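Trainee: The following file, protein-v9.pdb, comprises PDB, C-alpha atoms:
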ATOM      1  CA  MET A   1      16.816 -22.639  -0.858  1.00  0.00           C
ATOM      2  CA  ASN A   2      19.785 -20.351  -0.223  1.00  0.00           C
ATOM      3  CA  ILE A   3      18.831 -16.700  -0.636  1.00  0.00           C
ATOM      4  CA  ILE A   4      20.770 -13.449  -0.999  1.00  0.00           C
ATOM      5  CA  ILE A   5      18.837 -10.364   0.106  1.00  0.00           C
ATOM      6  CA  ASN A   6      19.736  -7.283  -1.921  1.00  0.00           C
ATOM      7  CA  GLY A   7      18.847  -4.222   0.149  1.00  0.00           C
ATOM      8  CA  CYS A   8      19.141  -6.105   3.437  1.00  0.00           C
ATOM      9  CA  GLY A   9      19.732  -2.843   5.319  1.00  0.00           C
ATOM     10  CA  GLY A  10      16.294  -1.458   4.481  1.00  0.00           C
ATOM     11  CA  HIS A  11      12.993  -2.003   6.261  1.00  0.00           C
ATOM     12  CA  MET A  12      11.723  -4.584   3.764  1.00  0.00           C
ATOM     13  CA  GLY A  13      15.088  -6.332   3.863  1.00  0.00           C
ATOM     14  CA  ALA A  14      14.698  -6.777   7.615  1.00  0.00           C
ATOM     15  CA  VAL A  15      11.126  -8.030   7.253  1.00  0.00           C
ATOM     16  CA  LEU A  16      12.250 -10.505   4.594  1.00  0.00           C
ATOM     17  CA  ALA A  17      15.177 -11.745   6.697  1.00  0.00           C
ATOM     18  CA  ASP A  18      12.868 -12.408   9.661  1.00  0.00           C
ATOM     19  CA  LEU A  19      10.395 -14.322   7.504  1.00  0.00           C
ATOM     20  CA  ILE A  20      13.115 -16.410   5.834  1.00  0.00           C
ATOM     21  CA  GLU A  21      14.353 -17.395   9.292  1.00  0.00           C
ATOM     22  CA  GLN A  22      10.868 -18.748  10.047  1.00  0.00           C
ATOM     23  CA  THR A  23      10.674 -20.668   6.732  1.00  0.00           C
ATOM     24  CA  ASP A  24      11.734 -24.323   6.934  1.00  0.00           C
ATOM     25  CA  ASP A  25      13.067 -24.702   3.410  1.00  0.00           C
ATOM     26  CA  ALA A  26      14.849 -21.340   3.121  1.00  0.00           C
ATOM     27  CA  GLU A  27      17.954 -19.668   4.518  1.00  0.00           C
ATOM     28  CA  CYS A  28      19.442 -16.234   4.000  1.00  0.00           C
ATOM     29  CA  VAL A  29      23.109 -16.963   3.348  1.00  0.00           C
ATOM     30  CA  ALA A  30      24.163 -13.369   2.620  1.00  0.00           C
ATOM     31  CA  GLY A  31      22.989  -9.815   2.225  1.00  0.00           C
ATOM     32  CA  VAL A  32      23.998  -6.982  -0.065  1.00  0.00           C
ATOM     33  CA  ASP A  33      23.833  -3.335   0.976  1.00  0.00           C
ATOM     34  CA  VAL A  34      26.040  -0.261   1.225  1.00  0.00           C
ATOM     35  CA  HIS A  35      25.336  -0.255   4.973  1.00  0.00           C
ATOM     36  CA  ALA A  36      25.300  -3.502   6.956  1.00  0.00           C
ATOM     37  CA  PRO A  37      22.444  -3.785   9.487  1.00  0.00           C
ATOM     38  CA  ALA A  38      23.457  -3.810  13.154  1.00  0.00           C
ATOM     39  CA  ALA A  39      23.943  -7.274  14.670  1.00  0.00           C
ATOM     40  CA  CYS A  40      23.338  -8.937  11.316  1.00  0.00           C
ATOM     41  CA  ARG A  41      22.766 -12.705  11.283  1.00  0.00           C
ATOM     42  CA  PHE A  42      24.522 -13.218   7.933  1.00  0.00           C
ATOM     43  CA  PRO A  43      27.515 -11.736   6.083  1.00  0.00           C
ATOM     44  CA  VAL A  44      26.864  -8.532   4.158  1.00  0.00           C
ATOM     45  CA  TYR A  45      28.676  -7.512   0.991  1.00  0.00           C
ATOM     46  CA  LYS A  46      28.740  -4.443  -1.230  1.00  0.00           C
ATOM     47  CA  SER A  47      27.873  -6.406  -4.358  1.00  0.00           C
ATOM     48  CA  VAL A  48      26.333  -9.718  -5.408  1.00  0.00           C
ATOM     49  CA  ARG A  49      29.593 -10.449  -7.238  1.00  0.00           C
ATOM     50  CA  ASP A  50      31.456 -10.315  -3.904  1.00  0.00           C
ATOM     51  CA  VAL A  51      29.293 -12.938  -2.166  1.00  0.00           C
ATOM     52  CA  LYS A  52      31.346 -16.021  -1.233  1.00  0.00           C
ATOM     53  CA  GLU A  53      28.477 -18.215  -0.039  1.00  0.00           C
ATOM     54  CA  ASP A  54      26.655 -20.583  -2.391  1.00  0.00           C
ATOM     55  CA  ALA A  55      23.244 -19.154  -3.303  1.00  0.00           C
ATOM     56  CA  ASP A  56      20.266 -20.216  -5.401  1.00  0.00           C
ATOM     57  CA  VAL A  57      18.471 -16.913  -5.902  1.00  0.00           C
ATOM     58  CA  VAL A  58      18.588 -13.169  -5.164  1.00  0.00           C
ATOM     59  CA  ILE A  59      15.587 -11.293  -3.767  1.00  0.00           C
ATOM     60  CA  ASP A  60      15.756  -7.540  -4.217  1.00  0.00           C
ATOM     61  CA  PHE A  61      14.029  -4.955  -2.044  1.00  0.00           C
ATOM     62  CA  SER A  62      16.286  -1.953  -2.589  1.00  0.00           C
ATOM     63  CA  THR A  63      16.023   1.305  -4.520  1.00  0.00           C
ATOM     64  CA  ALA A  64      15.658   2.031  -8.212  1.00  0.00           C
ATOM     65  CA  SER A  65      19.116   3.622  -8.319  1.00  0.00           C
ATOM     66  CA  ALA A  66      20.708   0.289  -7.329  1.00  0.00           C
ATOM     67  CA  VAL A  67      18.829  -1.925  -9.781  1.00  0.00           C
ATOM     68  CA  ASP A  68      20.964  -1.569 -12.924  1.00  0.00           C
ATOM     69  CA  LYS A  69      24.115  -2.764 -11.163  1.00  0.00           C
ATOM     70  CA  LEU A  70      22.185  -5.561  -9.495  1.00  0.00           C
ATOM     71  CA  ILE A  71      20.845  -6.842 -12.826  1.00  0.00           C
ATOM     72  CA  ASP A  72      24.345  -6.860 -14.320  1.00  0.00           C
ATOM     73  CA  ASP A  73      25.798  -8.594 -11.249  1.00  0.00           C
ATOM     74  CA  CYS A  74      23.152 -11.341 -11.223  1.00  0.00           C
ATOM     75  CA  ALA A  75      23.676 -11.973 -14.936  1.00  0.00           C
ATOM     76  CA  ALA A  76      27.446 -12.098 -14.421  1.00  0.00           C
ATOM     77  CA  VAL A  77      27.244 -14.781 -11.691  1.00  0.00           C
ATOM     78  CA  ASN A  78      24.259 -16.581 -13.264  1.00  0.00           C
ATOM     79  CA  LEU A  79      21.837 -16.139 -10.341  1.00  0.00           C
ATOM     80  CA  PRO A  80      18.026 -15.959 -10.713  1.00  0.00           C
ATOM     81  CA  LEU A  81      16.628 -12.588  -9.627  1.00  0.00           C
ATOM     82  CA  VAL A  82      13.346 -11.728  -7.918  1.00  0.00           C
ATOM     83  CA  LEU A  83      13.059  -7.995  -8.592  1.00  0.00           C
ATOM     84  CA  CYS A  84      10.655  -6.370  -6.122  1.00  0.00           C
ATOM     85  CA  THR A  85      11.879  -2.767  -6.223  1.00  0.00           C
ATOM     86  CA  THR A  86       9.341  -0.284  -7.595  1.00  0.00           C
ATOM     87  CA  GLY A  87       9.698   3.042  -9.392  1.00  0.00           C
ATOM     88  CA  LEU A  88      11.802   1.604 -12.221  1.00  0.00           C
ATOM     89  CA  SER A  89      12.231   3.552 -15.442  1.00  0.00           C
ATOM     90  CA  ASN A  90      11.326   2.126 -18.844  1.00  0.00           C
ATOM     91  CA  GLU A  91      15.034   1.751 -19.528  1.00  0.00           C
ATOM     92  CA  GLN A  92      15.507  -0.305 -16.352  1.00  0.00           C
ATOM     93  CA  ILE A  93      12.560  -2.530 -17.239  1.00  0.00           C
ATOM     94  CA  GLU A  94      14.138  -3.096 -20.664  1.00  0.00           C
ATOM     95  CA  HIS A  95      17.431  -3.858 -18.895  1.00  0.00           C
ATOM     96  CA  ALA A  96      15.682  -6.566 -16.838  1.00  0.00           C
ATOM     97  CA  GLN A  97      14.089  -7.970 -20.000  1.00  0.00           C
ATOM     98  CA  LYS A  98      17.501  -8.160 -21.680  1.00  0.00           C
ATOM     99  CA  ALA A  99      19.005  -9.954 -18.671  1.00  0.00           C
ATOM    100  CA  SER A 100      16.142 -12.461 -18.704  1.00  0.00           C
ATOM    101  CA  GLU A 101      17.594 -13.860 -21.926  1.00  0.00           C
ATOM    102  CA  THR A 102      20.379 -15.412 -19.842  1.00  0.00           C
ATOM    103  CA  ILE A 103      18.913 -15.762 -16.310  1.00  0.00           C
ATOM    104  CA  PRO A 104      15.404 -16.192 -14.882  1.00  0.00           C
ATOM    105  CA  VAL A 105      14.032 -12.810 -13.754  1.00  0.00           C
ATOM    106  CA  LEU A 106      10.732 -12.303 -11.948  1.00  0.00           C
ATOM    107  CA  ARG A 107       9.606  -8.692 -11.765  1.00  0.00           C
ATOM    108  CA  SER A 108       6.481  -7.427 -10.026  1.00  0.00           C
ATOM    109  CA  ALA A 109       5.541  -4.083  -8.543  1.00  0.00           C
ATOM    110  CA  ASN A 110       3.625  -5.979  -5.863  1.00  0.00           C
ATOM    111  CA  MET A 111       4.424  -9.439  -4.522  1.00  0.00           C
ATOM    112  CA  SER A 112       1.115  -9.909  -2.672  1.00  0.00           C
ATOM    113  CA  LEU A 113      -1.101 -12.819  -3.696  1.00  0.00           C
ATOM    114  CA  GLY A 114      -4.188 -10.717  -2.907  1.00  0.00           C
ATOM    115  CA  VAL A 115      -3.123  -7.808  -5.120  1.00  0.00           C
ATOM    116  CA  ASN A 116      -2.484 -10.121  -8.039  1.00  0.00           C
ATOM    117  CA  VAL A 117      -5.951 -11.637  -7.634  1.00  0.00           C
ATOM    118  CA  MET A 118      -7.302  -8.066  -7.476  1.00  0.00           C
ATOM    119  CA  LEU A 119      -5.798  -7.397 -10.914  1.00  0.00           C
ATOM    120  CA  SER A 120      -7.920 -10.187 -12.370  1.00  0.00           C
ATOM    121  CA  LEU A 121     -11.046  -8.835 -10.665  1.00  0.00           C
ATOM    122  CA  VAL A 122     -10.359  -5.313 -11.963  1.00  0.00           C
ATOM    123  CA  ALA A 123      -9.939  -6.586 -15.523  1.00  0.00           C
ATOM    124  CA  GLN A 124     -13.152  -8.589 -15.291  1.00  0.00           C
ATOM    125  CA  ALA A 125     -15.112  -5.616 -13.930  1.00  0.00           C
ATOM    126  CA  ALA A 126     -13.647  -3.147 -16.432  1.00  0.00           C
ATOM    127  CA  LYS A 127     -14.741  -5.270 -19.399  1.00  0.00           C
ATOM    128  CA  VAL A 128     -18.360  -5.045 -18.270  1.00  0.00           C
ATOM    129  CA  LEU A 129     -18.510  -1.607 -16.668  1.00  0.00           C
ATOM    130  CA  GLY A 130     -16.453   0.220 -19.283  1.00  0.00           C
ATOM    131  CA  LYS A 131     -18.995  -0.682 -21.942  1.00  0.00           C
ATOM    132  CA  ALA A 132     -21.697   0.708 -19.649  1.00  0.00           C
ATOM    133  CA  GLY A 133     -19.966   4.091 -19.454  1.00  0.00           C
ATOM    134  CA  PHE A 134     -18.439   3.803 -15.974  1.00  0.00           C
ATOM    135  CA  ASP A 135     -15.423   5.996 -15.172  1.00  0.00           C
ATOM    136  CA  THR A 136     -12.355   4.376 -13.577  1.00  0.00           C
ATOM    137  CA  GLU A 137     -10.432   5.978 -10.708  1.00  0.00           C
ATOM    138  CA  ILE A 138      -7.597   4.543  -8.618  1.00  0.00           C
ATOM    139  CA  VAL A 139      -6.569   5.784  -5.171  1.00  0.00           C
ATOM    140  CA  GLU A 140      -3.506   4.421  -3.380  1.00  0.00           C
ATOM    141  CA  ALA A 141      -2.145   5.174   0.102  1.00  0.00           C
ATOM    142  CA  HIS A 142       1.274   4.361   1.591  1.00  0.00           C
ATOM    143  CA  HIS A 143       3.580   5.284   4.469  1.00  0.00           C
ATOM    144  CA  ARG A 144       5.412   8.596   4.578  1.00  0.00           C
ATOM    145  CA  ARG A 145       8.771   7.050   3.622  1.00  0.00           C
ATOM    146  CA  LYS A 146       7.685   5.701   0.230  1.00  0.00           C
ATOM    147  CA  LEU A 147       9.663   7.469  -2.476  1.00  0.00           C
ATOM    148  CA  ASP A 148       7.714   6.835  -5.680  1.00  0.00           C
ATOM    149  CA  ALA A 149       4.225   8.045  -6.536  1.00  0.00           C
ATOM    150  CA  PRO A 150       1.985   6.717  -7.832  1.00  0.00           C
ATOM    151  CA  SER A 151       2.840   3.273  -6.541  1.00  0.00           C
ATOM    152  CA  GLY A 152       3.867   0.562  -8.943  1.00  0.00           C
ATOM    153  CA  THR A 153       0.792  -1.365  -7.846  1.00  0.00           C
ATOM    154  CA  ALA A 154      -1.510   1.519  -8.787  1.00  0.00           C
ATOM    155  CA  LEU A 155       0.024   1.495 -12.249  1.00  0.00           C
ATOM    156  CA  MET A 156      -0.461  -2.275 -12.465  1.00  0.00           C
ATOM    157  CA  ILE A 157      -4.144  -1.805 -11.628  1.00  0.00           C
ATOM    158  CA  ALA A 158      -4.467   0.977 -14.201  1.00  0.00           C
ATOM    159  CA  ASP A 159      -2.774  -1.188 -16.834  1.00  0.00           C
ATOM    160  CA  ALA A 160      -5.099  -4.119 -16.043  1.00  0.00           C
ATOM    161  CA  ALA A 161      -8.159  -1.893 -16.460  1.00  0.00           C
ATOM    162  CA  ASN A 162      -6.781  -0.178 -19.565  1.00  0.00           C
ATOM    163  CA  GLU A 163      -6.008  -3.469 -21.287  1.00  0.00           C
ATOM    164  CA  ALA A 164      -9.460  -4.833 -20.455  1.00  0.00           C
ATOM    165  CA  LEU A 165     -11.015  -1.653 -21.860  1.00  0.00           C
ATOM    166  CA  GLY A 166      -9.236  -2.148 -25.161  1.00  0.00           C
ATOM    167  CA  GLY A 167      -6.371   0.275 -24.516  1.00  0.00           C
ATOM    168  CA  GLY A 168      -6.160   3.901 -25.566  1.00  0.00           C
ATOM    169  CA  TYR A 169      -6.853   5.367 -22.121  1.00  0.00           C
ATOM    170  CA  THR A 170      -4.562   8.068 -20.707  1.00  0.00           C
ATOM    171  CA  TYR A 171      -3.591   8.271 -17.026  1.00  0.00           C
ATOM    172  CA  ASN A 172      -4.402  11.471 -15.131  1.00  0.00           C
ATOM    173  CA  TYR A 173      -2.169  11.921 -12.073  1.00  0.00           C
ATOM    174  CA  GLY A 174      -3.705  15.143 -10.760  1.00  0.00           C
ATOM    175  CA  ARG A 175      -6.402  17.652 -11.592  1.00  0.00           C
ATOM    176  CA  HIS A 176      -5.346  20.584  -9.401  1.00  0.00           C
ATOM    177  CA  GLU A 177      -4.460  22.772 -12.411  1.00  0.00           C
ATOM    178  CA  GLN A 178      -7.202  21.519 -14.693  1.00  0.00           C
ATOM    179  CA  HIS A 179     -10.478  23.377 -15.120  1.00  0.00           C
ATOM    180  CA  GLU A 180     -12.398  21.118 -17.437  1.00  0.00           C
ATOM    181  CA  ALA A 181     -14.778  18.177 -17.361  1.00  0.00           C
ATOM    182  CA  ARG A 182     -13.345  14.709 -16.927  1.00  0.00           C
ATOM    183  CA  ASN A 183     -12.139  13.074 -20.131  1.00  0.00           C
ATOM    184  CA  PRO A 184     -14.100   9.820 -20.583  1.00  0.00           C
ATOM    185  CA  LYS A 185     -10.960   8.188 -22.017  1.00  0.00           C
ATOM    186  CA  GLU A 186      -8.835   8.623 -18.921  1.00  0.00           C
ATOM    187  CA  ILE A 187      -8.078   6.696 -15.748  1.00  0.00           C
ATOM    188  CA  GLY A 188      -7.474   8.883 -12.711  1.00  0.00           C
ATOM    189  CA  ILE A 189      -4.706   7.902 -10.277  1.00  0.00           C
ATOM    190  CA  SER A 190      -4.326   9.633  -6.884  1.00  0.00           C
ATOM    191  CA  SER A 191      -1.684   9.109  -4.181  1.00  0.00           C
ATOM    192  CA  VAL A 192      -1.780   9.541  -0.398  1.00  0.00           C
ATOM    193  CA  ARG A 193       1.385   9.486   1.742  1.00  0.00           C
ATOM    194  CA  GLY A 194       1.394   9.469   5.537  1.00  0.00           C
ATOM    195  CA  GLY A 195       2.060   7.643   8.770  1.00  0.00           C
ATOM    196  CA  THR A 196       2.856   3.951   8.622  1.00  0.00           C
ATOM    197  CA  ILE A 197       0.264   2.806   6.057  1.00  0.00           C
ATOM    198  CA  ALA A 198       1.556  -0.476   4.618  1.00  0.00           C
ATOM    199  CA  GLY A 199      -0.537  -0.097   1.472  1.00  0.00           C
ATOM    200  CA  VAL A 200      -4.143   0.473   0.427  1.00  0.00           C
ATOM    201  CA  HIS A 201      -5.342   0.334  -3.174  1.00  0.00           C
ATOM    202  CA  ASP A 202      -8.854   1.168  -4.364  1.00  0.00           C
ATOM    203  CA  CYS A 203     -10.123   0.769  -7.904  1.00  0.00           C
ATOM    204  CA  ILE A 204     -13.382   2.717  -8.171  1.00  0.00           C
ATOM    205  CA  PHE A 205     -15.828   2.311 -11.035  1.00  0.00           C
ATOM    206  CA  CYS A 206     -18.200   5.284 -11.089  1.00  0.00           C
ATOM    207  CA  GLY A 207     -21.434   5.060 -13.069  1.00  0.00           C
ATOM    208  CA  GLU A 208     -24.764   6.824 -13.138  1.00  0.00           C
ATOM    209  CA  ASP A 209     -26.216   6.552  -9.614  1.00  0.00           C
ATOM    210  CA  GLU A 210     -23.954   3.659  -8.588  1.00  0.00           C
ATOM    211  CA  VAL A 211     -20.343   3.052  -7.584  1.00  0.00           C
ATOM    212  CA  ILE A 212     -18.408  -0.214  -7.380  1.00  0.00           C
ATOM    213  CA  GLU A 213     -15.150  -0.381  -5.403  1.00  0.00           C
ATOM    214  CA  ILE A 214     -12.501  -3.104  -5.367  1.00  0.00           C
ATOM    215  CA  ARG A 215     -10.052  -2.657  -2.478  1.00  0.00           C
ATOM    216  CA  HIS A 216      -6.904  -4.349  -1.261  1.00  0.00           C
ATOM    217  CA  THR A 217      -5.521  -3.474   2.174  1.00  0.00           C
ATOM    218  CA  ALA A 218      -2.114  -4.590   3.403  1.00  0.00           C
ATOM    219  CA  SER A 219      -1.999  -4.788   7.199  1.00  0.00           C
ATOM    220  CA  SER A 220       1.763  -5.300   7.211  1.00  0.00           C
ATOM    221  CA  ARG A 221       4.603  -5.513   4.747  1.00  0.00           C
ATOM    222  CA  ALA A 222       5.141  -9.164   5.651  1.00  0.00           C
ATOM    223  CA  ILE A 223       2.730 -10.125   2.841  1.00  0.00           C
ATOM    224  CA  PHE A 224       5.187  -8.746   0.279  1.00  0.00           C
ATOM    225  CA  ALA A 225       8.074 -10.713   1.792  1.00  0.00           C
ATOM    226  CA  LYS A 226       5.946 -13.866   1.835  1.00  0.00           C
ATOM    227  CA  GLY A 227       5.142 -13.426  -1.841  1.00  0.00           C
ATOM    228  CA  ALA A 228       8.815 -12.821  -2.643  1.00  0.00           C
ATOM    229  CA  ILE A 229       9.800 -16.115  -1.017  1.00  0.00           C
ATOM    230  CA  SER A 230       7.132 -17.934  -3.052  1.00  0.00           C
ATOM    231  CA  ALA A 231       8.458 -16.215  -6.175  1.00  0.00           C
ATOM    232  CA  ALA A 232      12.029 -17.281  -5.336  1.00  0.00           C
ATOM    233  CA  ARG A 233      10.915 -20.880  -4.857  1.00  0.00           C
ATOM    234  CA  PHE A 234       9.154 -20.743  -8.238  1.00  0.00           C
ATOM    235  CA  LEU A 235      12.117 -19.145 -10.021  1.00  0.00           C
ATOM    236  CA  MET A 236      14.736 -21.676  -8.904  1.00  0.00           C
ATOM    237  CA  SER A 237      13.465 -24.339 -11.310  1.00  0.00           C
ATOM    238  CA  ARG A 238      12.818 -22.080 -14.288  1.00  0.00           C
ATOM    239  CA  GLU A 239      14.665 -21.535 -17.521  1.00  0.00           C
ATOM    240  CA  PRO A 240      15.876 -18.009 -18.408  1.00  0.00           C
ATOM    241  CA  GLY A 241      12.934 -15.723 -19.108  1.00  0.00           C
ATOM    242  CA  LEU A 242      10.885 -12.878 -17.694  1.00  0.00           C
ATOM    243  CA  TYR A 243       8.197 -13.914 -15.209  1.00  0.00           C
ATOM    244  CA  ASP A 244       5.694 -12.211 -12.901  1.00  0.00           C
ATOM    245  CA  MET A 245       3.448 -13.136  -9.981  1.00  0.00           C
ATOM    246  CA  GLN A 246       0.686 -14.310 -12.307  1.00  0.00           C
ATOM    247  CA  ASP A 247       3.083 -17.103 -13.356  1.00  0.00           C
ATOM    248  CA  VAL A 248       3.609 -18.041  -9.691  1.00  0.00           C
ATOM    249  CA  ILE A 249      -0.158 -18.169  -9.119  1.00  0.00           C
ATOM    250  CA  ALA A 250      -0.712 -20.258 -12.259  1.00  0.00           C
ATOM    251  CA  ALA A 251       1.956 -22.742 -11.159  1.00  0.00           C
ATOM    252  CA  GLY A 252       0.092 -23.273  -7.886  1.00  0.00           C
TER     253      GLY A 252
END
Before we go any further, please render this structure as structure tokens.

Mentor:
Amino acid sequence: MNIIINGCGGHMGAVLADLIEQTDDAECVAGVDVHAPAACRFPVYKSVRDVKEDADVVIDFSTASAVDKLIDDCAAVNLPLVLCTTGLSNEQIEHAQKASETIPVLRSANMSLGVNVMLSLVAQAAKVLGKAGFDTEIVEAHHRRKLDAPSGTALMIADAANEALGGGYTYNYGRHEQHEARNPKEIGISSVRGGTIAGVHDCIFCGEDEVIEIRHTASSRAIFAKGAISAARFLMSREPGLYDMQDVIAAG
């Protein structure tokens, strides 16, 4: 499996490159970034369209501002795309959906196997606890360099709970200027940024005299790179379409 890393100059790009090097059936044949990493083990280009090496798939850990060009480039050279960058706008998500008509695209705000299992647990709990009047709150924590808030994973968790509750819930991102009781039809989402936290996500169901918490803790960002490689392996044999990590899990 020959891989191009888009965003190879970033921290996650470096983590991914190291993990690919340790993977028997995978090789990073090229990287794409505006700044080439020092002492890079593979050629680095400014664009996917410029890559001369034969590749099977592109894995993206870059920034939201670079995603539109990347989607167009992958479609132009007919390369499957594993889109891991978070903080995308609705327009960019629609752009990825449009591209998936011609190439396979896998998009997920979190590539971790554990997080994607957590989504199923949250949905299962919400179906039962929501009917019993429990409130739903989500708290996420990440390192000081993370640009978007709340995290894409926190929004995935909120969406999983909201869908299980029948929809119609609003998301409350902060109560510092609100002086009113909690709306029973809302899901609260809070963000913490500091230090080198790889990622912690709590979904808290608060009822009368009892609280249930579902937590996922990432000890390192290697789990996201590992999931991205699994997603790339899955995507290589797929027809054009839009996929996510639940499809990877279902395929075994």

Trainee: Give me, please, the distance in Å between atom CA of Leu129 of chain A and atom CA of Phe205 of chain A, quoted to one decimal.

Mentor: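 Going from atom CA of Leu129 of chain A over to atom CA of Phe205 of chain A, I get 7.4 Å.
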
Trainee: Can you translate the PyMOL selection byres ((chain A and resi 188-197) around 9) into the concrete residues it hits in this file, as a PyMOL selection string?

Mentor: chain A and resi 135-146+149-151+154-155+158+170-175+186-187+198-200+218-220

Trainee: Show me, as a list in words, the residues that have an atom within 9 Å of Thr63 of chain A when counting all atoms listed in the file, minus same-chain residues fewer than 3 positions from it.

Mentor: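 Selected residues are Gly7, Asp60, Ala66, Val67, Thr85, Thr86, Gly87 and Leu88 of chain A.
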
Trainee: If we count all atoms listed in the file and set the cut-off at 12 Å, which residues sit around Leu83 of chain A, ignoring sequence neighbours fewer than 3 positions away in its own chain? Please answer as a PyMOL selection string.

Mentor: chain A and resi 5-7+57-64+66-68+70-71+74+80+86-88+92-93+95-97+99-100+104-111+224-225+227-229+231-232+235+242-245

Trainee: Can you measure atom CA of Leu119 of chain A to atom CA of Ser65 of chain A for me? One decimal in Å is fine.

Mentor: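 So the two atoms, atom CA of Leu119 of chain A and atom CA of Ser65 of chain A, lie 27.4 Å apart.
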
Trainee: Could you list, as an MDAnalysis selection string, every residue within 9 Å of Asp73 of chain A, counting all atoms listed in the file and ignoring same-chain residues fewer than 5 positions away?

Mentor: chainID A and resid 47:49 68 78:79

Trainee: How many Å lie between atom CA of Asp24 of chain A and atom CA of His11 of chain A, rounded to one decimal?

Mentor: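 One can read the atom CA of Asp24 of chain A to atom CA of His11 of chain A distance as 22.4 Å.
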
Trainee: Any chance you could work out the residue set of the PyMOL selection byres ((chain A and resi 53) around 8) here, as a list in words?

Mentor: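 Checking the PyMOL selection byres ((chain A and resi 53) around 8) against this file, the residues are Val29, Ala30, Val51, Lys52, Asp54 and Ala55 of chain A.
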
Trainee: Counting all atoms listed in the file, find the residues whose atoms lie at most 12 Å from (11.4, -13.4, 10.3) (file coordinates) and write them out as a PDB file with C-alpha atoms, in the coordinates of the input.

Mentor:
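Once written, point.pdb looks like this:
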ATOM      1  CA  MET A  12      11.723  -4.584   3.764  1.00  0.00           C
ATOM      2  CA  GLY A  13      15.088  -6.332   3.863  1.00  0.00           C
ATOM      3  CA  ALA A  14      14.698  -6.777   7.615  1.00  0.00           C
ATOM      4  CA  VAL A  15      11.126  -8.030   7.253  1.00  0.00           C
ATOM      5  CA  LEU A  16      12.250 -10.505   4.594  1.00  0.00           C
ATOM      6  CA  ALA A  17      15.177 -11.745   6.697  1.00  0.00           C
ATOM      7  CA  ASP A  18      12.868 -12.408   9.661  1.00  0.00           C
ATOM      8  CA  LEU A  19      10.395 -14.322   7.504  1.00  0.00           C
ATOM      9  CA  ILE A  20      13.115 -16.410   5.834  1.00  0.00           C
ATOM     10  CA  GLU A  21      14.353 -17.395   9.292  1.00  0.00           C
ATOM     11  CA  GLN A  22      10.868 -18.748  10.047  1.00  0.00           C
ATOM     12  CA  THR A  23      10.674 -20.668   6.732  1.00  0.00           C
ATOM     13  CA  ASP A  24      11.734 -24.323   6.934  1.00  0.00           C
ATOM     14  CA  ALA A  26      14.849 -21.340   3.121  1.00  0.00           C
ATOM     15  CA  GLU A  27      17.954 -19.668   4.518  1.00  0.00           C
ATOM     16  CA  CYS A  28      19.442 -16.234   4.000  1.00  0.00           C
ATOM     17  CA  ARG A  41      22.766 -12.705  11.283  1.00  0.00           C
ATOM     18  CA  ARG A 221       4.603  -5.513   4.747  1.00  0.00           C
ATOM     19  CA  ALA A 222       5.141  -9.164   5.651  1.00  0.00           C
ATOM     20  CA  ILE A 223       2.730 -10.125   2.841  1.00  0.00           C
ATOM     21  CA  ALA A 225       8.074 -10.713   1.792  1.00  0.00           C
ATOM     22  CA  LYS A 226       5.946 -13.866   1.835  1.00  0.00           C
ATOM     23  CA  ILE A 229       9.800 -16.115  -1.017  1.00  0.00           C
TER      24      ILE A 229
END

Trainee: With distances taken over all atoms listed in the file, which residue among A:Gly168, A:Gly207, A:Gly10, A:Gly130 lies nearest Val34 of chain A?

Mentor: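 Residue with the minimum atom-to-atom distance to Val34 of chain A: A:Gly10.
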
Trainee: Between A:Ser89, A:Asn183, A:Ser230, A:Asn162, single out the one closest to Ala126 of chain A, counting all atoms listed in the file.

Mentor: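 Looking only at the distances to Ala126 of chain A, the closest residue turns out to be A:Asn162.
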
Trainee: Any chance you could work out the residue set of the PyMOL selection byres ((chain A and resi 239) around 9) here, as a ChimeraX atom specification?

Mentor: /A:102-104,235-238,240-241

Trainee: Identify which of the residues A:Gly166, A:Asp202, A:Ala123, A:Ala132 lies closest to Thr153 of chain A, counting only C-alpha atoms when measuring atom-to-atom distances.

Mentor: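 Of A:Gly166, A:Asp202, A:Ala123, A:Ala132, the one nearest Thr153 of chain A, counting only C-alpha atoms, is A:Asp202.
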
Trainee: Could you check which of A:Cys206, A:Val82, A:Ile214, A:Ile249 is closest to Gln124 of chain A, using all atoms listed in the file?

Mentor: A:Ile214
